[in-house]
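Asks: File name start_36.txt; file contents compact mmCIF, C-alpha atoms; full text below.
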# COMPACT_ATOMS: atom_id res chain seq x y z
CA MET A 407 0.00 0.00 0.00
CA PRO A 408 1.44 3.42 -0.91
CA SER A 409 2.36 5.81 1.87
CA HIS A 410 3.50 9.41 2.18
CA VAL A 411 5.08 11.53 4.87
CA TYR A 412 2.98 14.37 6.28
CA THR A 413 3.60 16.97 8.95
CA ALA A 414 1.05 16.45 11.73
CA GLN A 415 0.05 19.05 14.30
CA ASN A 416 -0.46 18.18 17.94
CA VAL A 417 -4.18 18.67 18.72
CA ASP A 418 -3.28 19.97 22.19
CA ASN A 419 -0.46 22.22 21.02
CA PRO A 420 -0.68 23.25 17.33
CA THR A 421 2.80 24.72 17.45
CA GLN A 422 4.21 21.24 18.09
CA THR A 423 4.52 19.09 14.95
CA VAL A 424 5.98 15.73 13.92
CA ASP A 425 6.57 14.07 10.58
CA CYS A 426 4.44 10.96 10.17
CA GLU A 427 4.45 8.25 7.52
CA ILE A 428 0.82 7.46 6.72
CA ASN A 429 -0.68 4.75 4.53
CA ASP A 430 -2.80 6.31 1.80
CA VAL A 431 -6.53 5.73 1.60
CA THR A 432 -6.88 4.33 -1.91
CA MET A 433 -10.68 4.09 -2.09
CA CYS A 434 -13.19 6.73 -1.08
CA PRO A 435 -15.36 5.43 1.81
CA ILE A 436 -18.30 7.45 0.47
CA CYS A 437 -18.41 6.81 -3.30
CA HIS A 438 -16.11 3.73 -3.31
CA VAL A 439 -14.06 4.96 -6.26
CA ALA A 440 -10.29 4.46 -6.30
CA LEU A 441 -8.60 7.75 -5.62
CA ASP A 442 -5.52 9.72 -4.77
CA PRO A 443 -7.11 11.87 -2.07
CA ARG A 444 -6.33 15.51 -1.53
CA ILE A 445 -5.12 15.84 2.04
CA ILE A 446 -6.51 18.93 3.74
CA ASP A 447 -4.95 18.60 7.18
CA THR A 448 -3.20 16.14 9.49
CA PHE A 449 -3.28 16.01 13.30
CA TYR A 450 -2.04 13.68 15.99
CA LYS A 451 -2.92 13.00 19.60
CA SER A 452 -0.46 11.78 22.21
CA THR A 453 -1.71 9.98 25.33
CA LEU A 454 0.60 9.15 28.24
CA ILE A 455 0.25 5.49 29.21
CA SER A 456 3.26 5.12 31.52
CA ALA A 457 4.79 8.05 33.36
CA ALA A 458 7.65 5.90 34.67
CA GLU A 459 8.71 4.89 31.17
CA ASN A 460 7.52 8.09 29.49
CA ALA A 461 5.51 5.87 27.14
CA HIS A 462 2.79 7.28 24.92
CA LYS A 463 0.23 5.96 22.48
CA TYR A 464 -0.49 7.96 19.37
CA THR A 465 -3.54 8.50 17.19
CA VAL A 466 -3.34 10.28 13.85
CA TYR A 467 -6.24 11.98 12.07
CA GLN A 468 -6.41 13.16 8.48
CA LEU A 469 -9.05 15.22 6.76
CA ALA A 470 -9.13 14.23 3.09
CA PHE A 471 -11.12 15.34 0.05
CA CYS A 472 -12.36 13.03 -2.70
CA PRO A 473 -12.16 14.68 -6.13
CA LYS A 474 -14.73 12.24 -7.56
CA CYS A 475 -17.74 12.74 -5.25
CA ARG A 476 -16.37 16.06 -3.92
CA GLU A 477 -16.94 15.09 -0.31
CA ALA A 478 -14.56 15.22 2.64
CA PHE A 479 -13.89 12.35 5.04
CA PHE A 480 -11.82 11.65 8.13
CA ALA A 481 -9.27 8.87 8.39
CA LYS A 482 -8.21 7.70 11.86
CA TYR A 483 -5.00 5.73 12.39
CA LYS A 484 -3.09 4.00 15.12
CA ALA A 485 0.44 5.40 15.11
CA PHE A 486 3.72 4.23 16.60
CA PRO A 487 7.17 5.79 17.03
CA ARG A 488 9.58 4.66 14.34
CA PRO A 489 12.23 2.26 15.65
CA SER A 490 14.88 4.06 13.61
CA ALA A 491 16.24 7.48 14.51
CA THR A 492 16.16 8.51 10.86
CA GLY A 493 13.07 9.37 8.87
CA PRO A 494 9.61 10.39 10.16
CA ALA A 495 9.06 10.26 13.91
CA LEU A 496 5.77 8.34 13.63
CA GLN A 497 4.30 5.63 11.47
CA ALA A 498 0.53 5.40 10.96
CA LEU A 499 0.06 2.31 8.84
CA SER A 500 -3.09 0.88 10.42
CA THR A 501 -6.43 2.49 9.60
CA VAL A 502 -8.86 2.40 12.51
CA GLU A 503 -11.83 4.17 10.98
CA LEU A 504 -13.01 6.07 7.92
CA SER A 505 -15.91 8.43 8.44
CA PRO A 506 -18.42 8.98 7.01
CA SER A 507 -18.59 5.59 5.39
CA THR A 508 -21.26 4.43 2.96
CA PRO A 509 -21.56 0.64 2.83
CA VAL A 510 -21.38 -1.23 -0.43
CA LYS A 511 -24.67 -3.12 -0.37
CA SER A 512 -24.81 -6.57 -1.88
CA THR A 513 -27.05 -7.07 -4.89
CA PHE A 514 -29.14 -10.17 -5.34
CA SER A 515 -30.67 -11.90 -8.34
CA LYS A 516 -34.27 -11.29 -9.32
CA ALA A 517 -35.08 -14.85 -8.25
CA ILE A 518 -33.82 -14.28 -4.69
CA GLN A 519 -35.48 -10.87 -4.47
CA GLU A 520 -38.83 -12.37 -5.45
CA LEU A 521 -38.43 -15.44 -3.24
CA SER A 522 -37.47 -13.54 -0.07
CA PRO A 523 -37.59 -9.74 -0.15
CA MET A 524 -37.21 -9.65 3.63
CA PHE A 525 -33.95 -11.60 3.37
CA VAL A 526 -32.61 -8.99 0.95
CA SER A 527 -33.78 -6.07 3.10
CA THR A 528 -32.46 -7.54 6.37
CA TYR A 529 -29.12 -8.54 4.86
CA ASN A 530 -28.59 -5.06 3.39
CA GLN A 531 -29.49 -3.41 6.71
CA SER A 532 -26.97 -5.67 8.44
CA GLU A 533 -24.31 -4.50 6.00
CA VAL A 534 -25.07 -0.91 6.98
CA ALA A 535 -24.66 -1.82 10.66
CA GLU A 536 -21.38 -3.62 9.96
CA ALA A 537 -20.02 -0.70 7.94
CA SER A 538 -20.87 1.57 10.88
CA ASN A 539 -18.76 -0.68 13.17
CA LEU A 540 -21.92 -1.90 14.93
CA THR A 541 -20.59 -5.44 14.79
CA GLU A 542 -22.43 -6.64 17.89
CA ILE A 543 -25.81 -6.09 16.23
CA ALA A 544 -24.77 -6.73 12.62
CA GLY A 545 -24.30 -10.42 13.41
CA CYS A 546 -27.81 -10.65 14.81
CA GLY A 547 -29.12 -9.07 11.62
CA TYR A 548 -27.31 -11.54 9.36
CA ARG A 549 -28.71 -14.38 11.50
CA LYS A 550 -32.22 -12.98 11.04
CA SER A 551 -31.70 -12.75 7.28
CA VAL A 552 -30.90 -16.49 7.21
CA GLU A 553 -34.21 -17.22 8.91
CA PHE A 554 -36.13 -15.24 6.31
CA LEU A 555 -34.26 -16.95 3.47
CA VAL A 556 -34.75 -20.47 4.82
CA LYS A 557 -38.42 -20.10 5.73
CA ASP A 558 -39.37 -18.31 2.51
CA TYR A 559 -37.54 -21.03 0.56
CA LEU A 560 -39.42 -23.76 2.46
CA CYS A 561 -42.78 -22.00 2.16
CA HIS A 562 -42.18 -21.90 -1.58
CA LYS A 563 -41.42 -25.63 -1.67
CA PHE A 564 -44.09 -26.74 0.79
CA PRO A 565 -46.94 -24.24 0.60
CA ASP A 566 -49.29 -26.59 2.45
CA ASN A 567 -47.03 -26.39 5.52
CA GLU A 568 -46.53 -22.62 5.49
CA VAL A 569 -48.13 -21.96 8.89
CA GLU A 570 -46.02 -24.58 10.66
CA ILE A 571 -42.82 -23.52 8.89
CA LYS A 572 -43.20 -19.87 9.86
CA ALA A 573 -43.89 -20.73 13.52
CA GLU A 574 -41.16 -23.30 14.18
CA PHE A 575 -37.58 -22.73 15.32
CA LEU A 576 -35.10 -22.14 12.52
CA GLY A 577 -33.14 -25.28 13.37
CA ALA A 578 -36.27 -27.40 12.96
CA ALA A 579 -37.13 -25.67 9.68
CA ILE A 580 -33.66 -26.40 8.28
CA GLN A 581 -34.20 -30.13 8.89
CA ARG A 582 -36.97 -30.01 6.27
CA ILE A 583 -34.46 -29.13 3.51
CA ASP A 584 -33.75 -32.01 1.12
CA ASP A 585 -30.67 -30.63 -0.64
CA HIS A 586 -27.73 -31.45 1.63
CA ARG A 587 -25.72 -28.48 0.32
CA ILE A 588 -28.44 -25.96 1.12
CA LYS A 589 -29.10 -27.68 4.42
CA THR A 590 -25.44 -27.74 5.48
CA LEU A 591 -24.66 -24.16 4.51
CA THR A 592 -27.75 -22.67 6.15
CA GLU A 593 -27.24 -24.82 9.23
CA ARG A 594 -23.63 -23.67 9.68
CA ALA A 595 -24.55 -20.05 9.02
CA THR A 596 -27.22 -20.38 11.70
CA TRP A 597 -24.75 -21.83 14.21
CA ILE A 598 -22.48 -18.83 13.75
CA GLY A 599 -25.47 -16.50 13.87
CA ASN A 600 -26.58 -18.05 17.15
CA ASP A 601 -23.14 -17.26 18.58
CA GLU A 602 -23.76 -13.64 17.61
CA THR A 603 -26.94 -13.59 19.71
CA HIS A 604 -25.80 -15.60 22.75
CA TYR A 605 -23.59 -14.80 25.73
CA ILE A 606 -21.21 -17.74 25.21
CA ARG A 607 -19.81 -18.53 21.77
CA LYS A 608 -19.58 -22.18 20.70
CA HIS A 609 -17.50 -21.54 17.58
CA GLU A 610 -14.70 -19.21 18.62
CA SER A 611 -12.81 -19.57 15.34
CA LEU A 612 -15.77 -18.45 13.21
CA ASP A 613 -17.30 -14.99 12.88
CA ILE A 614 -19.52 -12.75 10.74
CA THR A 615 -17.17 -13.09 7.77
CA ASP A 616 -17.63 -16.86 7.75
CA MET A 617 -21.40 -16.56 8.15
CA LYS A 618 -21.54 -14.22 5.15
CA ARG A 619 -19.43 -16.66 3.11
CA PHE A 620 -21.87 -19.48 3.86
CA ILE A 621 -24.86 -17.30 3.00
CA SER A 622 -23.26 -16.25 -0.29
CA ALA A 623 -22.45 -19.88 -1.10
CA VAL A 624 -26.01 -21.13 -0.56
CA LEU A 625 -27.66 -18.58 -2.87
CA PRO A 626 -26.53 -20.15 -6.20
CA TYR A 627 -27.94 -23.52 -5.11
CA ILE A 628 -31.32 -21.97 -4.31
CA GLU A 629 -31.25 -19.97 -7.55
CA SER A 630 -30.39 -23.12 -9.51
CA GLU A 631 -33.34 -24.96 -7.99
CA LEU A 632 -35.70 -22.10 -8.80
CA THR A 633 -34.39 -21.98 -12.37
CA PHE A 634 -34.88 -25.74 -12.70
CA GLU A 635 -38.49 -25.35 -11.54
CA GLU A 636 -38.98 -22.66 -14.16
CA ALA A 637 -37.56 -24.92 -16.85
CA LEU A 638 -39.91 -27.73 -15.83
CA SER A 639 -42.86 -25.41 -16.29
CA VAL A 640 -41.98 -24.84 -19.95
CA SER A 641 -44.04 -27.19 -22.09
CA LYS A 642 -42.95 -28.57 -25.44
CA SER A 643 -44.85 -26.82 -28.23
Rewrite the coordinates I just gave you, this time as structure tokens.

Replies:
Amino acid sequence: MPSHVYTAQNVDNPTQTVDCEINDVTMCPICHVALDPRIIDTFYKSTLISAAENAHKYTVYQLAFCPKCREAFFAKYKAFPRPSATGPALQALSTVELSPSTPVKSTFSKAIQELSPMFVSTYNQSEVAEASNLTEIAGCGYRKSVEFLVKDYLCHKFPDNEVEIKAEFLGAAIQRIDDHRIKTLTERATWIGNDETHYIRKHESLDITDMKRFISAVLPYIESELTFEEALSVSKS
């Protein structure tokens, strides 16, 4: 990732400055277009964490301007003193936050949108929460989207059992699924989603990213089944 050296002002004492190597933001968090941002200003904050060792932690802030959407945004970095005596005094190579940030919402096929509009809506809302760093509630939202997807899929397949399907626990509904790929992927996504809603996690090595991967993987199987049903409905002329 490209980086440049900027002179940063101390927020508590603007007359005090340091040179800081900062990783460039290469994509606008608002319009999501690759960019070489125009840097308007750079600041840093120093917080004493050990008086005995004179140790500090540093945070760097940059105000940048996107020439594409013509909007300004803040970039927040963790910064550390350089181990070498030469070069910039600080390095800020780890981005903590970009604000404001507009999430890139996933798009879904017409078949999925028609099958389960509430899945699409809930999933997209969860993406907004995740992009806003509301990760504790984003996971719950993704879990809810799985429930809409599974139950709408089953109601489509078994319309005579719609009332029972909608009322039963998601785990029980998943057991109705015949396709082992759809069943396995939705079941695993649900397990991770349950961890996001419970006090104790059962799958410490898995998180929202894995749940989203499983959800993304199950969609083509459902779409394929819906397309197959459509093909069966076409009669030979």

Asks: Nearest to Arg549 in chain A among A:Ala517, A:Ala498, A:Ile628, A:Met617, with distances taken over all atoms listed in the file: which residue is it?

Replies: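 The shortest atom-to-atom distance to Arg549 in chain A comes from A:Met617.
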
Asks: Between CA of Thr615 in chain A and CA of Lys484 in chain A, what is the distance in Å, rounded to a tenth?

Replies: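 A separation of 23.3 Å between them.
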
Asks: Which is closest to Pro473 in chain A among A:Ala461, A:Phe620, A:Tyr450, A:Ala440, if we use all atoms listed in the file?

Replies: A:Ala440

Asks: Using only C-alpha atoms, determine which residues lie at most 9 Å from range 595-612 of chain A, disregarding the query and same-chain residues fewer than 4 positions distant; provide the list as a ChimeraX atom specification.

Replies: /A:542-550,552-553,576-577,590-591,616-621

Asks: From the set A:Arg444, A:His562, A:Ala578, A:Arg594, which residue has the shortest atom-to-atom contact distance to Asp613 in chain A, counting only C-alpha atoms?

Replies: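 With only C-alpha atoms as the atom set, the closest residue is A:Arg594.
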
Asks: If you measure from CA of Gln497 in chain A to CA of Ile428 in chain A, what distance in Å do you get, rounded to one decimal?

Replies: 6.2 Å

Asks: Give me, please, the distance in Å between CA of Tyr464 in chain A and CA of Asp430 in chain A, quoted to one decimal.

Replies: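 Computing it gives 17.8 Å between the two atoms.
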
Asks: Residues near Pro506 in chain A, anyone? I mean within 9 Å using all atoms listed in the file, not counting same-chain ones fewer than 4 positions away, as number ranges by chain.

Replies: A: 435-436, 478-480, 538

Asks: Between A:Ala579, A:Leu504, A:Ala481, A:Ala623, single out the one closest to Phe449 in chain A, counting all atoms listed in the file.

Replies: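 With all atoms listed in the file as the atom set, the closest residue is A:Ala481.
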
Asks: For range 492-613 of chain A of the block above, can you save C-alpha atoms as a PDB file, in the first residue's frame?

Replies:
ATOM      1  CA  THR A 492      16.158   8.507  10.863  1.00  0.00           C
ATOM      2  CA  GLY A 493      13.068   9.368   8.870  1.00  0.00           C
ATOM      3  CA  PRO A 494       9.614  10.389  10.157  1.00  0.00           C
ATOM      4  CA  ALA A 495       9.063  10.263  13.908  1.00  0.00           C
ATOM      5  CA  LEU A 496       5.773   8.344  13.634  1.00  0.00           C
ATOM      6  CA  GLN A 497       4.299   5.629  11.468  1.00  0.00           C
ATOM      7  CA  ALA A 498       0.533   5.401  10.958  1.00  0.00           C
ATOM      8  CA  LEU A 499       0.062   2.305   8.844  1.00  0.00           C
ATOM      9  CA  SER A 500      -3.087   0.879  10.423  1.00  0.00           C
ATOM     10  CA  THR A 501      -6.428   2.494   9.595  1.00  0.00           C
ATOM     11  CA  VAL A 502      -8.864   2.404  12.513  1.00  0.00           C
ATOM     12  CA  GLU A 503     -11.831   4.170  10.981  1.00  0.00           C
ATOM     13  CA  LEU A 504     -13.008   6.067   7.920  1.00  0.00           C
ATOM     14  CA  SER A 505     -15.907   8.433   8.443  1.00  0.00           C
ATOM     15  CA  PRO A 506     -18.419   8.983   7.011  1.00  0.00           C
ATOM     16  CA  SER A 507     -18.594   5.588   5.387  1.00  0.00           C
ATOM     17  CA  THR A 508     -21.257   4.431   2.956  1.00  0.00           C
ATOM     18  CA  PRO A 509     -21.563   0.644   2.825  1.00  0.00           C
ATOM     19  CA  VAL A 510     -21.375  -1.234  -0.432  1.00  0.00           C
ATOM     20  CA  LYS A 511     -24.666  -3.124  -0.368  1.00  0.00           C
ATOM     21  CA  SER A 512     -24.807  -6.575  -1.883  1.00  0.00           C
ATOM     22  CA  THR A 513     -27.049  -7.067  -4.889  1.00  0.00           C
ATOM     23  CA  PHE A 514     -29.144 -10.172  -5.343  1.00  0.00           C
ATOM     24  CA  SER A 515     -30.666 -11.895  -8.336  1.00  0.00           C
ATOM     25  CA  LYS A 516     -34.266 -11.290  -9.319  1.00  0.00           C
ATOM     26  CA  ALA A 517     -35.080 -14.853  -8.246  1.00  0.00           C
ATOM     27  CA  ILE A 518     -33.818 -14.276  -4.687  1.00  0.00           C
ATOM     28  CA  GLN A 519     -35.483 -10.875  -4.466  1.00  0.00           C
ATOM     29  CA  GLU A 520     -38.831 -12.371  -5.451  1.00  0.00           C
ATOM     30  CA  LEU A 521     -38.426 -15.439  -3.242  1.00  0.00           C
ATOM     31  CA  SER A 522     -37.470 -13.542  -0.069  1.00  0.00           C
ATOM     32  CA  PRO A 523     -37.586  -9.741  -0.153  1.00  0.00           C
ATOM     33  CA  MET A 524     -37.210  -9.649   3.634  1.00  0.00           C
ATOM     34  CA  PHE A 525     -33.952 -11.601   3.367  1.00  0.00           C
ATOM     35  CA  VAL A 526     -32.613  -8.990   0.949  1.00  0.00           C
ATOM     36  CA  SER A 527     -33.775  -6.069   3.104  1.00  0.00           C
ATOM     37  CA  THR A 528     -32.464  -7.539   6.367  1.00  0.00           C
ATOM     38  CA  TYR A 529     -29.125  -8.540   4.860  1.00  0.00           C
ATOM     39  CA  ASN A 530     -28.589  -5.055   3.393  1.00  0.00           C
ATOM     40  CA  GLN A 531     -29.494  -3.408   6.709  1.00  0.00           C
ATOM     41  CA  SER A 532     -26.970  -5.672   8.441  1.00  0.00           C
ATOM     42  CA  GLU A 533     -24.314  -4.503   5.999  1.00  0.00           C
ATOM     43  CA  VAL A 534     -25.070  -0.906   6.984  1.00  0.00           C
ATOM     44  CA  ALA A 535     -24.656  -1.817  10.655  1.00  0.00           C
ATOM     45  CA  GLU A 536     -21.381  -3.625   9.963  1.00  0.00           C
ATOM     46  CA  ALA A 537     -20.022  -0.696   7.936  1.00  0.00           C
ATOM     47  CA  SER A 538     -20.870   1.568  10.879  1.00  0.00           C
ATOM     48  CA  ASN A 539     -18.764  -0.681  13.170  1.00  0.00           C
ATOM     49  CA  LEU A 540     -21.921  -1.900  14.934  1.00  0.00           C
ATOM     50  CA  THR A 541     -20.594  -5.441  14.785  1.00  0.00           C
ATOM     51  CA  GLU A 542     -22.429  -6.640  17.891  1.00  0.00           C
ATOM     52  CA  ILE A 543     -25.805  -6.087  16.232  1.00  0.00           C
ATOM     53  CA  ALA A 544     -24.767  -6.733  12.625  1.00  0.00           C
ATOM     54  CA  GLY A 545     -24.299 -10.422  13.406  1.00  0.00           C
ATOM     55  CA  CYS A 546     -27.814 -10.645  14.809  1.00  0.00           C
ATOM     56  CA  GLY A 547     -29.124  -9.070  11.617  1.00  0.00           C
ATOM     57  CA  TYR A 548     -27.309 -11.539   9.363  1.00  0.00           C
ATOM     58  CA  ARG A 549     -28.708 -14.383  11.500  1.00  0.00           C
ATOM     59  CA  LYS A 550     -32.222 -12.982  11.039  1.00  0.00           C
ATOM     60  CA  SER A 551     -31.697 -12.754   7.280  1.00  0.00           C
ATOM     61  CA  VAL A 552     -30.899 -16.488   7.210  1.00  0.00           C
ATOM     62  CA  GLU A 553     -34.210 -17.221   8.906  1.00  0.00           C
ATOM     63  CA  PHE A 554     -36.133 -15.238   6.311  1.00  0.00           C
ATOM     64  CA  LEU A 555     -34.265 -16.948   3.475  1.00  0.00           C
ATOM     65  CA  VAL A 556     -34.752 -20.474   4.823  1.00  0.00           C
ATOM     66  CA  LYS A 557     -38.415 -20.095   5.727  1.00  0.00           C
ATOM     67  CA  ASP A 558     -39.373 -18.314   2.506  1.00  0.00           C
ATOM     68  CA  TYR A 559     -37.545 -21.032   0.558  1.00  0.00           C
ATOM     69  CA  LEU A 560     -39.416 -23.761   2.461  1.00  0.00           C
ATOM     70  CA  CYS A 561     -42.777 -21.998   2.159  1.00  0.00           C
ATOM     71  CA  HIS A 562     -42.178 -21.902  -1.585  1.00  0.00           C
ATOM     72  CA  LYS A 563     -41.416 -25.632  -1.668  1.00  0.00           C
ATOM     73  CA  PHE A 564     -44.086 -26.741   0.792  1.00  0.00           C
ATOM     74  CA  PRO A 565     -46.940 -24.238   0.604  1.00  0.00           C
ATOM     75  CA  ASP A 566     -49.292 -26.591   2.446  1.00  0.00           C
ATOM     76  CA  ASN A 567     -47.034 -26.394   5.518  1.00  0.00           C
ATOM     77  CA  GLU A 568     -46.532 -22.615   5.485  1.00  0.00           C
ATOM     78  CA  VAL A 569     -48.135 -21.962   8.886  1.00  0.00           C
ATOM     79  CA  GLU A 570     -46.019 -24.582  10.656  1.00  0.00           C
ATOM     80  CA  ILE A 571     -42.817 -23.521   8.890  1.00  0.00           C
ATOM     81  CA  LYS A 572     -43.198 -19.870   9.857  1.00  0.00           C
ATOM     82  CA  ALA A 573     -43.893 -20.735  13.518  1.00  0.00           C
ATOM     83  CA  GLU A 574     -41.165 -23.298  14.182  1.00  0.00           C
ATOM     84  CA  PHE A 575     -37.583 -22.729  15.318  1.00  0.00           C
ATOM     85  CA  LEU A 576     -35.098 -22.138  12.520  1.00  0.00           C
ATOM     86  CA  GLY A 577     -33.139 -25.283  13.375  1.00  0.00           C
ATOM     87  CA  ALA A 578     -36.267 -27.398  12.955  1.00  0.00           C
ATOM     88  CA  ALA A 579     -37.128 -25.671   9.683  1.00  0.00           C
ATOM     89  CA  ILE A 580     -33.664 -26.403   8.281  1.00  0.00           C
ATOM     90  CA  GLN A 581     -34.197 -30.130   8.891  1.00  0.00           C
ATOM     91  CA  ARG A 582     -36.974 -30.012   6.271  1.00  0.00           C
ATOM     92  CA  ILE A 583     -34.464 -29.129   3.515  1.00  0.00           C
ATOM     93  CA  ASP A 584     -33.749 -32.009   1.122  1.00  0.00           C
ATOM     94  CA  ASP A 585     -30.667 -30.634  -0.644  1.00  0.00           C
ATOM     95  CA  HIS A 586     -27.727 -31.452   1.634  1.00  0.00           C
ATOM     96  CA  ARG A 587     -25.717 -28.479   0.316  1.00  0.00           C
ATOM     97  CA  ILE A 588     -28.436 -25.956   1.119  1.00  0.00           C
ATOM     98  CA  LYS A 589     -29.097 -27.684   4.425  1.00  0.00           C
ATOM     99  CA  THR A 590     -25.437 -27.745   5.482  1.00  0.00           C
ATOM    100  CA  LEU A 591     -24.659 -24.158   4.508  1.00  0.00           C
ATOM    101  CA  THR A 592     -27.750 -22.666   6.149  1.00  0.00           C
ATOM    102  CA  GLU A 593     -27.238 -24.819   9.233  1.00  0.00           C
ATOM    103  CA  ARG A 594     -23.626 -23.672   9.676  1.00  0.00           C
ATOM    104  CA  ALA A 595     -24.553 -20.048   9.017  1.00  0.00           C
ATOM    105  CA  THR A 596     -27.222 -20.384  11.703  1.00  0.00           C
ATOM    106  CA  TRP A 597     -24.754 -21.829  14.206  1.00  0.00           C
ATOM    107  CA  ILE A 598     -22.476 -18.829  13.748  1.00  0.00           C
ATOM    108  CA  GLY A 599     -25.466 -16.502  13.868  1.00  0.00           C
ATOM    109  CA  ASN A 600     -26.576 -18.052  17.151  1.00  0.00           C
ATOM    110  CA  ASP A 601     -23.144 -17.258  18.576  1.00  0.00           C
ATOM    111  CA  GLU A 602     -23.756 -13.636  17.609  1.00  0.00           C
ATOM    112  CA  THR A 603     -26.939 -13.594  19.713  1.00  0.00           C
ATOM    113  CA  HIS A 604     -25.800 -15.605  22.749  1.00  0.00           C
ATOM    114  CA  TYR A 605     -23.592 -14.799  25.728  1.00  0.00           C
ATOM    115  CA  ILE A 606     -21.213 -17.738  25.210  1.00  0.00           C
ATOM    116  CA  ARG A 607     -19.806 -18.532  21.766  1.00  0.00           C
ATOM    117  CA  LYS A 608     -19.582 -22.182  20.700  1.00  0.00           C
ATOM    118  CA  HIS A 609     -17.500 -21.542  17.577  1.00  0.00           C
ATOM    119  CA  GLU A 610     -14.703 -19.209  18.620  1.00  0.00           C
ATOM    120  CA  SER A 611     -12.807 -19.571  15.344  1.00  0.00           C
ATOM    121  CA  LEU A 612     -15.770 -18.452  13.210  1.00  0.00           C
ATOM    122  CA  ASP A 613     -17.300 -14.990  12.884  1.00  0.00           C
TER     123      ASP A 613
END
